[in-house]
Amino acid sequence: QAFQDLDFESARITQFPGSPFAPFGIVASDALPGWTVQFGGEGEGQITYNDPSPANTWVYLEQKGGGFTPIDGNYDVVLQGGTTASQASILQTGLVPDDAMTLLFQANDPAGSLVVSLGGQQLDVEPIATLPNATLYGADISAFAGTVQTLEFDSLEGSGNDVQLDDIQFSNVPEPTGLMLMAGLAVIVMRRNRPKSL
């Protein structure tokens, strides 16, 4: 089965029965289709939307509006690596495309607490570019192409370890180094700004 809801735009806001966080407590599997939510390795069926839980280990769906600004589109997800569990995690198992070489995603990770793993192996994640609302990160995943693996994003324990995450994708382009990408962008900008001949 292919990975799903990698941009978090398939979210459905379904109230979690008897939630102490009403009206913001929602069913995790509806809000993040295909993903499993865990706190410290323990499954969690409830998250919230537009409702951070300061200092606690938590996951919430960020919905555009009301002062909340997702990285892209109408939704993203925030992993809060707080003090109540070792990490806040989302994970899912799927088929890595046959031609996949790089895992790309956008994130804001000011505390540097994000850990990304595939098939139980921590990936060597590098920043590739600074975008308007986030940083674009990449990791070499060519060794996993064509196999079924579990993709996991963790924000490690620590007050203020909040990671905003969006737009995950499998790319068939090798991961560029930051310098190579910057050089390529500079060439594009120079070409766009070059005076047109008459």
# chains A, B, ... in the order shown; residues from 1 in each chain; ligands from 1

$ select_by_dssp --residues "segment 2-195 of chain A" --states "alpha helix (DSSP H)" --output "ChimeraX atom specification"
/A:28-31,178-193

$ select_by_dssp --residues "segment 22-178 of chain A" --states "strand (DSSP E or B)" --output "PDB file with N, CA, C and O atoms, in the first residue's frame"
ATOM      1  N   GLY A  25     -10.709  18.261  21.033  1.00  0.00           N
ATOM      2  CA  GLY A  25     -10.261  16.873  20.996  1.00  0.00           C
ATOM      3  C   GLY A  25     -10.866  16.144  19.815  1.00  0.00           C
ATOM      4  O   GLY A  25     -12.091  16.103  19.658  1.00  0.00           O
ATOM      5  N   ILE A  26     -10.028  15.570  18.957  1.00  0.00           N
ATOM      6  CA  ILE A  26     -10.512  14.917  17.736  1.00  0.00           C
ATOM      7  C   ILE A  26      -9.886  13.539  17.588  1.00  0.00           C
ATOM      8  O   ILE A  26      -8.865  13.226  18.204  1.00  0.00           O
ATOM      9  N   VAL A  27     -10.525  12.714  16.748  1.00  0.00           N
ATOM     10  CA  VAL A  27     -10.065  11.349  16.500  1.00  0.00           C
ATOM     11  C   VAL A  27      -8.809  11.394  15.638  1.00  0.00           C
ATOM     12  O   VAL A  27      -8.826  11.935  14.525  1.00  0.00           O
ATOM     13  N   THR A  36      -0.275   6.734  12.474  1.00  0.00           N
ATOM     14  CA  THR A  36      -0.467   6.345  13.864  1.00  0.00           C
ATOM     15  C   THR A  36       0.216   7.385  14.736  1.00  0.00           C
ATOM     16  O   THR A  36       1.337   7.819  14.436  1.00  0.00           O
ATOM     17  N   VAL A  37      -0.457   7.791  15.809  1.00  0.00           N
ATOM     18  CA  VAL A  37       0.112   8.749  16.753  1.00  0.00           C
ATOM     19  C   VAL A  37       0.594   7.987  17.987  1.00  0.00           C
ATOM     20  O   VAL A  37      -0.115   7.122  18.504  1.00  0.00           O
ATOM     21  N   GLN A  38       1.786   8.321  18.447  1.00  0.00           N
ATOM     22  CA  GLN A  38       2.329   7.690  19.655  1.00  0.00           C
ATOM     23  C   GLN A  38       2.980   8.735  20.548  1.00  0.00           C
ATOM     24  O   GLN A  38       3.583   9.688  20.065  1.00  0.00           O
ATOM     25  N   PHE A  39       2.842   8.512  21.855  1.00  0.00           N
ATOM     26  CA  PHE A  39       3.562   9.300  22.847  1.00  0.00           C
ATOM     27  C   PHE A  39       4.455   8.341  23.614  1.00  0.00           C
ATOM     28  O   PHE A  39       3.967   7.431  24.291  1.00  0.00           O
ATOM     29  N   GLU A  42       3.745   4.660  22.907  1.00  0.00           N
ATOM     30  CA  GLU A  42       2.405   4.153  23.197  1.00  0.00           C
ATOM     31  C   GLU A  42       1.387   4.809  22.280  1.00  0.00           C
ATOM     32  O   GLU A  42       1.384   6.029  22.118  1.00  0.00           O
ATOM     33  N   GLY A  43       0.524   3.997  21.669  1.00  0.00           N
ATOM     34  CA  GLY A  43      -0.475   4.507  20.743  1.00  0.00           C
ATOM     35  C   GLY A  43      -1.448   5.469  21.410  1.00  0.00           C
ATOM     36  O   GLY A  43      -1.825   5.277  22.571  1.00  0.00           O
ATOM     37  N   GLN A  46      -6.305  10.035  20.300  1.00  0.00           N
ATOM     38  CA  GLN A  46      -6.838  11.395  20.308  1.00  0.00           C
ATOM     39  C   GLN A  46      -5.724  12.419  20.129  1.00  0.00           C
ATOM     40  O   GLN A  46      -4.641  12.291  20.688  1.00  0.00           O
ATOM     41  N   ILE A  47      -5.996  13.407  19.277  1.00  0.00           N
ATOM     42  CA  ILE A  47      -5.150  14.587  19.198  1.00  0.00           C
ATOM     43  C   ILE A  47      -6.081  15.799  19.301  1.00  0.00           C
ATOM     44  O   ILE A  47      -7.272  15.642  19.586  1.00  0.00           O
ATOM     45  N   THR A  48      -5.560  16.979  19.113  1.00  0.00           N
ATOM     46  CA  THR A  48      -6.401  18.174  19.088  1.00  0.00           C
ATOM     47  C   THR A  48      -6.136  18.937  17.803  1.00  0.00           C
ATOM     48  O   THR A  48      -5.210  18.615  17.045  1.00  0.00           O
ATOM     49  N   TYR A  49      -6.960  19.930  17.541  1.00  0.00           N
ATOM     50  CA  TYR A  49      -6.672  20.823  16.420  1.00  0.00           C
ATOM     51  C   TYR A  49      -6.653  22.254  16.935  1.00  0.00           C
ATOM     52  O   TYR A  49      -7.476  22.653  17.756  1.00  0.00           O
ATOM     53  N   TRP A  58       2.708  16.025  22.980  1.00  0.00           N
ATOM     54  CA  TRP A  58       1.401  16.066  22.336  1.00  0.00           C
ATOM     55  C   TRP A  58       1.552  16.193  20.831  1.00  0.00           C
ATOM     56  O   TRP A  58       2.628  16.524  20.321  1.00  0.00           O
ATOM     57  N   VAL A  59       0.472  15.904  20.107  1.00  0.00           N
ATOM     58  CA  VAL A  59       0.392  16.109  18.660  1.00  0.00           C
ATOM     59  C   VAL A  59      -0.895  16.851  18.383  1.00  0.00           C
ATOM     60  O   VAL A  59      -1.941  16.497  18.927  1.00  0.00           O
ATOM     61  N   TYR A  60      -0.805  17.889  17.566  1.00  0.00           N
ATOM     62  CA  TYR A  60      -2.037  18.555  17.165  1.00  0.00           C
ATOM     63  C   TYR A  60      -2.013  18.927  15.689  1.00  0.00           C
ATOM     64  O   TYR A  60      -0.959  19.144  15.097  1.00  0.00           O
ATOM     65  N   LEU A  61      -3.194  18.924  15.122  1.00  0.00           N
ATOM     66  CA  LEU A  61      -3.404  19.317  13.741  1.00  0.00           C
ATOM     67  C   LEU A  61      -3.560  20.829  13.697  1.00  0.00           C
ATOM     68  O   LEU A  61      -4.337  21.396  14.469  1.00  0.00           O
ATOM     69  N   GLU A  62      -2.806  21.463  12.837  1.00  0.00           N
ATOM     70  CA  GLU A  62      -2.896  22.908  12.707  1.00  0.00           C
ATOM     71  C   GLU A  62      -3.764  23.230  11.495  1.00  0.00           C
ATOM     72  O   GLU A  62      -3.455  22.836  10.373  1.00  0.00           O
ATOM     73  N   GLN A  63      -4.858  23.924  11.740  1.00  0.00           N
ATOM     74  CA  GLN A  63      -5.817  24.272  10.692  1.00  0.00           C
ATOM     75  C   GLN A  63      -5.717  25.767  10.413  1.00  0.00           C
ATOM     76  O   GLN A  63      -5.659  26.584  11.336  1.00  0.00           O
ATOM     77  N   GLY A  65      -6.291  29.497   9.896  1.00  0.00           N
ATOM     78  CA  GLY A  65      -7.273  30.431  10.430  1.00  0.00           C
ATOM     79  C   GLY A  65      -7.136  30.584  11.927  1.00  0.00           C
ATOM     80  O   GLY A  65      -6.481  29.785  12.604  1.00  0.00           O
ATOM     81  N   PHE A  68      -3.626  30.638  13.344  1.00  0.00           N
ATOM     82  CA  PHE A  68      -2.760  29.500  13.051  1.00  0.00           C
ATOM     83  C   PHE A  68      -2.404  29.505  11.569  1.00  0.00           C
ATOM     84  O   PHE A  68      -3.278  29.714  10.719  1.00  0.00           O
ATOM     85  N   TYR A  75      -3.741  22.558   6.224  1.00  0.00           N
ATOM     86  CA  TYR A  75      -3.361  21.821   7.424  1.00  0.00           C
ATOM     87  C   TYR A  75      -1.874  21.498   7.429  1.00  0.00           C
ATOM     88  O   TYR A  75      -1.254  21.305   6.378  1.00  0.00           O
ATOM     89  N   ASP A  76      -1.318  21.404   8.611  1.00  0.00           N
ATOM     90  CA  ASP A  76      -0.069  20.700   8.847  1.00  0.00           C
ATOM     91  C   ASP A  76      -0.178  20.044  10.219  1.00  0.00           C
ATOM     92  O   ASP A  76      -1.240  20.090  10.855  1.00  0.00           O
ATOM     93  N   VAL A  77       0.881  19.412  10.685  1.00  0.00           N
ATOM     94  CA  VAL A  77       0.842  18.755  11.987  1.00  0.00           C
ATOM     95  C   VAL A  77       2.002  19.270  12.840  1.00  0.00           C
ATOM     96  O   VAL A  77       3.074  19.593  12.314  1.00  0.00           O
ATOM     97  N   VAL A  78       1.751  19.385  14.139  1.00  0.00           N
ATOM     98  CA  VAL A  78       2.789  19.837  15.069  1.00  0.00           C
ATOM     99  C   VAL A  78       3.041  18.727  16.083  1.00  0.00           C
ATOM    100  O   VAL A  78       2.106  18.231  16.731  1.00  0.00           O
ATOM    101  N   LEU A  79       4.312  18.326  16.201  1.00  0.00           N
ATOM    102  CA  LEU A  79       4.742  17.330  17.179  1.00  0.00           C
ATOM    103  C   LEU A  79       5.358  18.076  18.348  1.00  0.00           C
ATOM    104  O   LEU A  79       6.370  18.763  18.184  1.00  0.00           O
ATOM    105  N   GLN A  80       4.762  17.942  19.525  1.00  0.00           N
ATOM    106  CA  GLN A  80       5.275  18.602  20.718  1.00  0.00           C
ATOM    107  C   GLN A  80       6.033  17.600  21.581  1.00  0.00           C
ATOM    108  O   GLN A  80       5.420  16.762  22.250  1.00  0.00           O
ATOM    109  N   GLY A  81       7.358  17.676  21.548  1.00  0.00           N
ATOM    110  CA  GLY A  81       8.163  16.802  22.386  1.00  0.00           C
ATOM    111  C   GLY A  81       8.261  17.384  23.787  1.00  0.00           C
ATOM    112  O   GLY A  81       9.266  17.995  24.131  1.00  0.00           O
ATOM    113  N   GLN A  87       8.916  11.010  23.572  1.00  0.00           N
ATOM    114  CA  GLN A  87       8.803  11.667  22.281  1.00  0.00           C
ATOM    115  C   GLN A  87       7.349  11.686  21.824  1.00  0.00           C
ATOM    116  O   GLN A  87       6.539  10.869  22.252  1.00  0.00           O
ATOM    117  N   ALA A  88       7.051  12.643  20.959  1.00  0.00           N
ATOM    118  CA  ALA A  88       5.766  12.683  20.248  1.00  0.00           C
ATOM    119  C   ALA A  88       6.034  12.210  18.831  1.00  0.00           C
ATOM    120  O   ALA A  88       6.964  12.698  18.178  1.00  0.00           O
ATOM    121  N   SER A  89       5.232  11.255  18.352  1.00  0.00           N
ATOM    122  CA  SER A  89       5.545  10.603  17.084  1.00  0.00           C
ATOM    123  C   SER A  89       4.325  10.452  16.202  1.00  0.00           C
ATOM    124  O   SER A  89       3.210  10.260  16.695  1.00  0.00           O
ATOM    125  N   ILE A  90       4.565  10.506  14.892  1.00  0.00           N
ATOM    126  CA  ILE A  90       3.596  10.010  13.917  1.00  0.00           C
ATOM    127  C   ILE A  90       4.341   9.034  13.020  1.00  0.00           C
ATOM    128  O   ILE A  90       5.511   9.253  12.696  1.00  0.00           O
ATOM    129  N   LEU A  91       3.672   7.942  12.653  1.00  0.00           N
ATOM    130  CA  LEU A  91       4.307   6.942  11.818  1.00  0.00           C
ATOM    131  C   LEU A  91       3.279   6.223  10.973  1.00  0.00           C
ATOM    132  O   LEU A  91       2.098   6.159  11.315  1.00  0.00           O
ATOM    133  N   GLN A  92       3.745   5.717   9.843  1.00  0.00           N
ATOM    134  CA  GLN A  92       2.895   4.855   9.023  1.00  0.00           C
ATOM    135  C   GLN A  92       3.770   3.943   8.189  1.00  0.00           C
ATOM    136  O   GLN A  92       4.940   4.237   7.922  1.00  0.00           O
ATOM    137  N   THR A  93       3.179   2.807   7.788  1.00  0.00           N
ATOM    138  CA  THR A  93       3.881   1.809   6.993  1.00  0.00           C
ATOM    139  C   THR A  93       3.327   1.817   5.582  1.00  0.00           C
ATOM    140  O   THR A  93       2.108   1.867   5.385  1.00  0.00           O
ATOM    141  N   GLY A  94       4.221   1.808   4.601  1.00  0.00           N
ATOM    142  CA  GLY A  94       3.790   1.830   3.214  1.00  0.00           C
ATOM    143  C   GLY A  94       4.915   1.397   2.299  1.00  0.00           C
ATOM    144  O   GLY A  94       6.034   1.084   2.731  1.00  0.00           O
ATOM    145  N   LEU A  95       4.602   1.392   1.007  1.00  0.00           N
ATOM    146  CA  LEU A  95       5.561   0.993  -0.017  1.00  0.00           C
ATOM    147  C   LEU A  95       6.352   2.208  -0.478  1.00  0.00           C
ATOM    148  O   LEU A  95       5.783   3.182  -0.981  1.00  0.00           O
ATOM    149  N   THR A 102      15.219  10.152  -2.578  1.00  0.00           N
ATOM    150  CA  THR A 102      15.310  11.143  -1.512  1.00  0.00           C
ATOM    151  C   THR A 102      13.960  11.321  -0.833  1.00  0.00           C
ATOM    152  O   THR A 102      12.933  11.365  -1.498  1.00  0.00           O
ATOM    153  N   LEU A 103      13.978  11.416   0.479  1.00  0.00           N
ATOM    154  CA  LEU A 103      12.798  11.824   1.240  1.00  0.00           C
ATOM    155  C   LEU A 103      12.910  13.324   1.460  1.00  0.00           C
ATOM    156  O   LEU A 103      13.920  13.815   1.968  1.00  0.00           O
ATOM    157  N   LEU A 104      11.871  14.060   1.057  1.00  0.00           N
ATOM    158  CA  LEU A 104      11.822  15.501   1.240  1.00  0.00           C
ATOM    159  C   LEU A 104      10.669  15.857   2.161  1.00  0.00           C
ATOM    160  O   LEU A 104       9.621  15.209   2.119  1.00  0.00           O
ATOM    161  N   PHE A 105      10.831  16.870   2.963  1.00  0.00           N
ATOM    162  CA  PHE A 105       9.726  17.376   3.772  1.00  0.00           C
ATOM    163  C   PHE A 105      10.045  18.791   4.216  1.00  0.00           C
ATOM    164  O   PHE A 105      11.206  19.218   4.229  1.00  0.00           O
ATOM    165  N   GLN A 106       9.004  19.520   4.568  1.00  0.00           N
ATOM    166  CA  GLN A 106       9.164  20.869   5.085  1.00  0.00           C
ATOM    167  C   GLN A 106       8.883  20.857   6.586  1.00  0.00           C
ATOM    168  O   GLN A 106       7.948  20.193   7.039  1.00  0.00           O
ATOM    169  N   ALA A 107       9.682  21.602   7.329  1.00  0.00           N
ATOM    170  CA  ALA A 107       9.509  21.613   8.777  1.00  0.00           C
ATOM    171  C   ALA A 107      10.085  22.884   9.378  1.00  0.00           C
ATOM    172  O   ALA A 107      10.969  23.524   8.804  1.00  0.00           O
ATOM    173  N   ASN A 108       9.551  23.236  10.532  1.00  0.00           N
ATOM    174  CA  ASN A 108      10.147  24.221  11.420  1.00  0.00           C
ATOM    175  C   ASN A 108      10.541  23.480  12.688  1.00  0.00           C
ATOM    176  O   ASN A 108       9.678  22.936  13.384  1.00  0.00           O
ATOM    177  N   LEU A 114      13.891  17.076  16.041  1.00  0.00           N
ATOM    178  CA  LEU A 114      13.254  16.135  15.117  1.00  0.00           C
ATOM    179  C   LEU A 114      14.181  14.980  14.758  1.00  0.00           C
ATOM    180  O   LEU A 114      15.351  15.183  14.398  1.00  0.00           O
ATOM    181  N   VAL A 115      13.635  13.760  14.855  1.00  0.00           N
ATOM    182  CA  VAL A 115      14.330  12.551  14.412  1.00  0.00           C
ATOM    183  C   VAL A 115      13.432  11.864  13.387  1.00  0.00           C
ATOM    184  O   VAL A 115      12.230  11.685  13.625  1.00  0.00           O
ATOM    185  N   VAL A 116      14.012  11.489  12.257  1.00  0.00           N
ATOM    186  CA  VAL A 116      13.255  10.832  11.190  1.00  0.00           C
ATOM    187  C   VAL A 116      13.872   9.465  10.940  1.00  0.00           C
ATOM    188  O   VAL A 116      15.096   9.336  10.835  1.00  0.00           O
ATOM    189  N   SER A 117      13.038   8.438  10.871  1.00  0.00           N
ATOM    190  CA  SER A 117      13.548   7.095  10.620  1.00  0.00           C
ATOM    191  C   SER A 117      12.703   6.404   9.560  1.00  0.00           C
ATOM    192  O   SER A 117      11.523   6.703   9.372  1.00  0.00           O
ATOM    193  N   LEU A 118      13.333   5.483   8.874  1.00  0.00           N
ATOM    194  CA  LEU A 118      12.668   4.664   7.862  1.00  0.00           C
ATOM    195  C   LEU A 118      13.158   3.240   8.052  1.00  0.00           C
ATOM    196  O   LEU A 118      14.371   3.003   8.122  1.00  0.00           O
ATOM    197  N   GLN A 121      15.587   2.657  10.913  1.00  0.00           N
ATOM    198  CA  GLN A 121      16.919   3.253  10.855  1.00  0.00           C
ATOM    199  C   GLN A 121      16.802   4.776  10.816  1.00  0.00           C
ATOM    200  O   GLN A 121      16.079   5.323   9.980  1.00  0.00           O
ATOM    201  N   GLN A 122      17.512   5.439  11.712  1.00  0.00           N
ATOM    202  CA  GLN A 122      17.484   6.898  11.715  1.00  0.00           C
ATOM    203  C   GLN A 122      18.145   7.429  10.455  1.00  0.00           C
ATOM    204  O   GLN A 122      19.235   6.995  10.076  1.00  0.00           O
ATOM    205  N   GLU A 126      19.298  16.461   6.244  1.00  0.00           N
ATOM    206  CA  GLU A 126      20.040  17.697   6.050  1.00  0.00           C
ATOM    207  C   GLU A 126      19.116  18.796   5.539  1.00  0.00           C
ATOM    208  O   GLU A 126      18.219  18.532   4.729  1.00  0.00           O
ATOM    209  N   PRO A 127      19.333  20.038   5.986  1.00  0.00           N
ATOM    210  CA  PRO A 127      18.575  21.151   5.411  1.00  0.00           C
ATOM    211  C   PRO A 127      19.035  21.407   3.983  1.00  0.00           C
ATOM    212  O   PRO A 127      20.239  21.400   3.699  1.00  0.00           O
ATOM    213  N   ILE A 128      18.085  21.613   3.096  1.00  0.00           N
ATOM    214  CA  ILE A 128      18.401  21.825   1.683  1.00  0.00           C
ATOM    215  C   ILE A 128      18.166  23.268   1.266  1.00  0.00           C
ATOM    216  O   ILE A 128      18.955  23.853   0.528  1.00  0.00           O
ATOM    217  N   ALA A 129      17.076  23.848   1.741  1.00  0.00           N
ATOM    218  CA  ALA A 129      16.761  25.219   1.326  1.00  0.00           C
ATOM    219  C   ALA A 129      15.864  25.872   2.361  1.00  0.00           C
ATOM    220  O   ALA A 129      15.104  25.204   3.069  1.00  0.00           O
ATOM    221  N   THR A 130      15.964  27.191   2.444  1.00  0.00           N
ATOM    222  CA  THR A 130      15.062  27.971   3.286  1.00  0.00           C
ATOM    223  C   THR A 130      13.913  28.457   2.421  1.00  0.00           C
ATOM    224  O   THR A 130      14.123  29.156   1.423  1.00  0.00           O
ATOM    225  N   THR A 135      11.770  25.265   6.493  1.00  0.00           N
ATOM    226  CA  THR A 135      13.006  24.776   5.877  1.00  0.00           C
ATOM    227  C   THR A 135      12.690  23.482   5.141  1.00  0.00           C
ATOM    228  O   THR A 135      11.938  22.641   5.644  1.00  0.00           O
ATOM    229  N   LEU A 136      13.245  23.334   3.950  1.00  0.00           N
ATOM    230  CA  LEU A 136      13.131  22.089   3.204  1.00  0.00           C
ATOM    231  C   LEU A 136      14.272  21.177   3.616  1.00  0.00           C
ATOM    232  O   LEU A 136      15.443  21.568   3.570  1.00  0.00           O
ATOM    233  N   TYR A 137      13.922  19.962   4.056  1.00  0.00           N
ATOM    234  CA  TYR A 137      14.908  18.973   4.478  1.00  0.00           C
ATOM    235  C   TYR A 137      14.907  17.790   3.515  1.00  0.00           C
ATOM    236  O   TYR A 137      13.882  17.491   2.881  1.00  0.00           O
ATOM    237  N   GLY A 138      16.039  17.104   3.451  1.00  0.00           N
ATOM    238  CA  GLY A 138      16.130  15.921   2.608  1.00  0.00           C
ATOM    239  C   GLY A 138      16.989  14.852   3.238  1.00  0.00           C
ATOM    240  O   GLY A 138      17.857  15.146   4.075  1.00  0.00           O
ATOM    241  N   ALA A 139      16.740  13.602   2.838  1.00  0.00           N
ATOM    242  CA  ALA A 139      17.538  12.465   3.318  1.00  0.00           C
ATOM    243  C   ALA A 139      17.597  11.401   2.236  1.00  0.00           C
ATOM    244  O   ALA A 139      16.604  11.162   1.532  1.00  0.00           O
ATOM    245  N   ASP A 140      18.738  10.777   2.107  1.00  0.00           N
ATOM    246  CA  ASP A 140      18.934   9.702   1.132  1.00  0.00           C
ATOM    247  C   ASP A 140      18.193   8.456   1.595  1.00  0.00           C
ATOM    248  O   ASP A 140      18.453   7.934   2.679  1.00  0.00           O
ATOM    249  N   VAL A 148       8.609  -2.270   1.527  1.00  0.00           N
ATOM    250  CA  VAL A 148       7.596  -1.804   2.480  1.00  0.00           C
ATOM    251  C   VAL A 148       8.307  -1.474   3.789  1.00  0.00           C
ATOM    252  O   VAL A 148       9.004  -2.325   4.360  1.00  0.00           O
ATOM    253  N   GLN A 149       8.143  -0.236   4.237  1.00  0.00           N
ATOM    254  CA  GLN A 149       8.858   0.229   5.416  1.00  0.00           C
ATOM    255  C   GLN A 149       7.956   1.126   6.261  1.00  0.00           C
ATOM    256  O   GLN A 149       6.962   1.659   5.777  1.00  0.00           O
ATOM    257  N   THR A 150       8.354   1.319   7.510  1.00  0.00           N
ATOM    258  CA  THR A 150       7.667   2.254   8.399  1.00  0.00           C
ATOM    259  C   THR A 150       8.435   3.568   8.432  1.00  0.00           C
ATOM    260  O   THR A 150       9.636   3.593   8.711  1.00  0.00           O
ATOM    261  N   LEU A 151       7.718   4.646   8.118  1.00  0.00           N
ATOM    262  CA  LEU A 151       8.272   5.998   8.155  1.00  0.00           C
ATOM    263  C   LEU A 151       7.814   6.646   9.454  1.00  0.00           C
ATOM    264  O   LEU A 151       6.623   6.636   9.772  1.00  0.00           O
ATOM    265  N   GLU A 152       8.769   7.208  10.211  1.00  0.00           N
ATOM    266  CA  GLU A 152       8.436   7.762  11.521  1.00  0.00           C
ATOM    267  C   GLU A 152       9.095   9.125  11.718  1.00  0.00           C
ATOM    268  O   GLU A 152      10.263   9.322  11.386  1.00  0.00           O
ATOM    269  N   PHE A 153       8.304  10.038  12.264  1.00  0.00           N
ATOM    270  CA  PHE A 153       8.791  11.362  12.646  1.00  0.00           C
ATOM    271  C   PHE A 153       8.600  11.509  14.147  1.00  0.00           C
ATOM    272  O   PHE A 153       7.495  11.324  14.652  1.00  0.00           O
ATOM    273  N   ASP A 154       9.676  11.868  14.864  1.00  0.00           N
ATOM    274  CA  ASP A 154       9.634  12.022  16.317  1.00  0.00           C
ATOM    275  C   ASP A 154      10.146  13.399  16.713  1.00  0.00           C
ATOM    276  O   ASP A 154      11.160  13.860  16.180  1.00  0.00           O
ATOM    277  N   SER A 155       9.473  14.018  17.658  1.00  0.00           N
ATOM    278  CA  SER A 155      10.027  15.179  18.336  1.00  0.00           C
ATOM    279  C   SER A 155      10.399  14.729  19.736  1.00  0.00           C
ATOM    280  O   SER A 155       9.551  14.261  20.498  1.00  0.00           O
ATOM    281  N   LEU A 156      11.672  14.849  20.080  1.00  0.00           N
ATOM    282  CA  LEU A 156      12.177  14.279  21.319  1.00  0.00           C
ATOM    283  C   LEU A 156      11.761  15.092  22.538  1.00  0.00           C
ATOM    284  O   LEU A 156      11.425  16.268  22.443  1.00  0.00           O
ATOM    285  N   ASN A 161      10.070  21.707  22.603  1.00  0.00           N
ATOM    286  CA  ASN A 161      10.526  20.979  21.418  1.00  0.00           C
ATOM    287  C   ASN A 161       9.358  20.734  20.457  1.00  0.00           C
ATOM    288  O   ASN A 161       8.906  19.608  20.263  1.00  0.00           O
ATOM    289  N   ASP A 162       8.876  21.808  19.869  1.00  0.00           N
ATOM    290  CA  ASP A 162       7.739  21.738  18.949  1.00  0.00           C
ATOM    291  C   ASP A 162       8.243  21.725  17.514  1.00  0.00           C
ATOM    292  O   ASP A 162       9.037  22.583  17.120  1.00  0.00           O
ATOM    293  N   VAL A 163       7.769  20.761  16.732  1.00  0.00           N
ATOM    294  CA  VAL A 163       8.157  20.643  15.333  1.00  0.00           C
ATOM    295  C   VAL A 163       6.905  20.755  14.460  1.00  0.00           C
ATOM    296  O   VAL A 163       5.973  19.967  14.590  1.00  0.00           O
ATOM    297  N   GLN A 164       6.901  21.732  13.580  1.00  0.00           N
ATOM    298  CA  GLN A 164       5.823  21.919  12.613  1.00  0.00           C
ATOM    299  C   GLN A 164       6.232  21.190  11.334  1.00  0.00           C
ATOM    300  O   GLN A 164       7.323  21.415  10.809  1.00  0.00           O
ATOM    301  N   LEU A 165       5.378  20.320  10.814  1.00  0.00           N
ATOM    302  CA  LEU A 165       5.745  19.390   9.739  1.00  0.00           C
ATOM    303  C   LEU A 165       4.707  19.400   8.637  1.00  0.00           C
ATOM    304  O   LEU A 165       3.500  19.423   8.899  1.00  0.00           O
ATOM    305  N   ASP A 166       5.178  19.330   7.374  1.00  0.00           N
ATOM    306  CA  ASP A 166       4.250  19.356   6.241  1.00  0.00           C
ATOM    307  C   ASP A 166       4.951  18.853   4.979  1.00  0.00           C
ATOM    308  O   ASP A 166       6.176  18.726   4.931  1.00  0.00           O
ATOM    309  N   ASP A 167       4.147  18.567   3.970  1.00  0.00           N
ATOM    310  CA  ASP A 167       4.592  18.304   2.595  1.00  0.00           C
ATOM    311  C   ASP A 167       5.721  17.278   2.490  1.00  0.00           C
ATOM    312  O   ASP A 167       6.794  17.547   1.954  1.00  0.00           O
ATOM    313  N   ILE A 168       5.457  16.072   2.999  1.00  0.00           N
ATOM    314  CA  ILE A 168       6.411  14.962   2.890  1.00  0.00           C
ATOM    315  C   ILE A 168       6.285  14.366   1.491  1.00  0.00           C
ATOM    316  O   ILE A 168       5.172  14.180   0.979  1.00  0.00           O
ATOM    317  N   GLN A 169       7.399  14.055   0.872  1.00  0.00           N
ATOM    318  CA  GLN A 169       7.328  13.425  -0.451  1.00  0.00           C
ATOM    319  C   GLN A 169       8.545  12.559  -0.726  1.00  0.00           C
ATOM    320  O   GLN A 169       9.619  12.776  -0.160  1.00  0.00           O
ATOM    321  N   PHE A 170       8.328  11.571  -1.587  1.00  0.00           N
ATOM    322  CA  PHE A 170       9.412  10.717  -2.053  1.00  0.00           C
ATOM    323  C   PHE A 170       9.822  11.225  -3.433  1.00  0.00           C
ATOM    324  O   PHE A 170       8.996  11.324  -4.337  1.00  0.00           O
ATOM    325  N   SER A 171      11.102  11.543  -3.578  1.00  0.00           N
ATOM    326  CA  SER A 171      11.596  12.118  -4.822  1.00  0.00           C
ATOM    327  C   SER A 171      12.524  11.134  -5.526  1.00  0.00           C
ATOM    328  O   SER A 171      13.265  10.393  -4.885  1.00  0.00           O
TER     329      SER A 171
END

$ closest_residue --among "A:Pro70, A:Asn133, A:Phe8, A:Phe24" --to "Ser53 of chain A" --atoms "only C-alpha atoms"
A:Phe24

$ closest_residue --among "A:Val173, A:Ile141, A:Leu131, A:Ala31" --to "Glu9 of chain A" --atoms "only C-alpha atoms"
A:Ala31

$ atom_distance --atom1 "atom CA of Ala111 of chain A" --atom2 "atom CA of Glu157 of chain A"
10.8 Å

$ closest_residue --among "A:Gly158, A:Phe21, A:Ala100, A:Asp5" --to "Ser86 of chain A" --atoms "only C-alpha atoms"
A:Gly158

$ atom_distance --atom1 "atom CA of Leu6 of chain A" --atom2 "atom CA of Pro110 of chain A"
21.7 Å

$ closest_residue --among "A:Gly119, A:Ala2, A:Gly82, A:Asp99" --to "Pro52 of chain A" --atoms "only C-alpha atoms"
A:Gly82

$ closest_residue --among "A:Ala145, A:Ala28, A:Ala55, A:Ile13" --to "Val96 of chain A" --atoms "only C-alpha atoms"
A:Ala145

$ closest_residue --among "A:Ser142, A:Ser159, A:Ser10, A:Ser19" --to "Thr83 of chain A" --atoms "only C-alpha atoms"
A:Ser159
